[in-house]
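What follows is a set of notes on a single structure, which appears directly below.
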Amino acid sequence: MVYLELFFSFMKIGFTSFGGMSMIPLILEEMQLHQWMSAEDLTNLVGIAEMTPGPLGLNCATFAGTQTAGILGGIAAVMGVLTPAFTLTLAVAVFFARFRRNAVMESILQFVKPICIGMILAVILTLSEENYWNGAGFELRSILIGGCMLYFILKKKWSVPKVIVTAALMGMLFYGILPYLNKF
């Protein structure tokens, strides 16, 4: 049953990722493994999840589950992704005082951080291929939009919502309005 598959897939994602962007490679893998979404759908999933309020993993689960199996699929995916967080939060609350300044735990976290960075870089490469390469060559309009947004984030210190709105407006201009006007 697809609802149980969604629940267990997102529960696995919740248990094996560390939240935020580190979930994206796992979601990508699960969606493609079960053939629930295409690479283009996954690009849209990340965009929508980033621009809606709330945690990225929860937003991704909601969108992916709903796209795959409607409202009940969304609920199943959300419950799956929340189960690990709920379980681990309870466990951490119980043992927090004991592990608060534990050297082993600090060492584990030092090991996990580079792994998360590597996973995020893999996602960037995968999504860059989808967004900046059209099969025949580089998509210069997309590269221009991405470069501008990178500049606004790094140099101008724009907020994420401002960058998302600006990128959306540039996308509408380059992919909607200008091609439409060129037809006349």
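Identifiers in the structure tokens: chain A, B, ... in order shown; residue index from 1 per chain; ligand index from 1 in order shown.
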Go through segment 70-94 of chain A residue by residue and, counting only C-alpha atoms, keep those with an atom at most 9 Å from segment 14-23 of chain A; for each kept residue give the shortest atom pair and its distance in Å to one decimal, ordered by chain and increasing number, as a Markdown table.
```
| residue | atom | partner | partner_atom | distance |
| --- | --- | --- | --- | --- |
| A:Gly80 | CA | A:Gly14 | CA | 7.5 |
| A:Val81 | CA | A:Gly14 | CA | 4.9 |
| A:Leu82 | CA | A:Gly14 | CA | 7.1 |
| A:Thr83 | CA | A:Gly14 | CA | 7.6 |
| A:Pro84 | CA | A:Phe15 | CA | 5.4 |
| A:Ala85 | CA | A:Gly14 | CA | 6.9 |
| A:Leu88 | CA | A:Phe15 | CA | 8.7 |
```
Requested write-out: N, CA and C atoms of the selected residues, as a tab-separated table (two decimals), in the first residue's frame:
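Just written: part_30.tsv:
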```
chain	number	residue	atom	x	y	z
A	80	GLY	N	5.50	9.97	8.88
A	80	GLY	CA	6.75	9.23	8.78
A	80	GLY	C	7.96	10.09	9.12
A	81	VAL	N	8.01	11.30	8.55
A	81	VAL	CA	9.17	12.15	8.79
A	81	VAL	C	9.17	12.70	10.22
A	82	LEU	N	8.02	12.82	10.84
A	82	LEU	CA	7.96	13.31	12.22
A	82	LEU	C	8.26	12.23	13.26
A	83	THR	N	8.00	10.98	12.94
A	83	THR	CA	8.21	9.89	13.89
A	83	THR	C	9.63	9.85	14.43
A	84	PRO	N	10.66	9.91	13.59
A	84	PRO	CA	12.03	9.90	14.13
A	84	PRO	C	12.33	11.12	15.01
A	85	ALA	N	11.88	12.29	14.57
A	85	ALA	CA	12.15	13.50	15.35
A	85	ALA	C	11.50	13.39	16.72
A	88	LEU	N	13.43	10.59	18.72
A	88	LEU	CA	14.76	11.03	19.13
A	88	LEU	C	14.72	12.17	20.14
```
Item to check | Length of the atom CA of Phe10 of chain A to atom CA of Gly65 of chain A vector [Å] | outcome: 9.2 Å
Next on the checklist: Taking the DSSP secondary structure from the backbone, can you list the residues of segment 2-184 of chain A that are helix (DSSP H, G or I), as an NGL selection string?
Outcome noted: :A and (2-16 or 20-33 or 39-51 or 56-99 or 103-132 or 140-154 or 160-182)
Item to check | Residue neighbourhood Val163 of chain A, 12 Å, only C-alpha atoms, exclusion window fewer than 4 positions, as a PyMOL selection string | outcome: chain A and resi 47+50-51+145-154+156-159+167-171
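Taking only C-alpha atoms into account, Leu121 of chain A lies nearest to A:Pro25 out of the set A:Gly137, A:Ile108, A:Pro25, A:Val2.
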Next on the checklist: Just checking: using only C-alpha atoms, which residue out of A:Gln110, A:Lys12, A:Glu5, A:Leu42 ends up closest to Thr126 of chain A?
Outcome noted: A:Leu42
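Of the listed residues A:Val92, A:Val123, A:Met1, A:Ile24, the one whose atoms come nearest to Ala49 of chain A is A:Ile24, with distances taken using only C-alpha atoms.
Shortest separation to Met172 of chain A among A:Ala103, A:Ile115, A:Arg141, A:Tyr132 occurs at residue A:Arg141, atoms counted being only C-alpha atoms.
Separating atom CA of Gln67 of chain A from atom CA of Leu45 of chain A is a distance of 9.5 Å.
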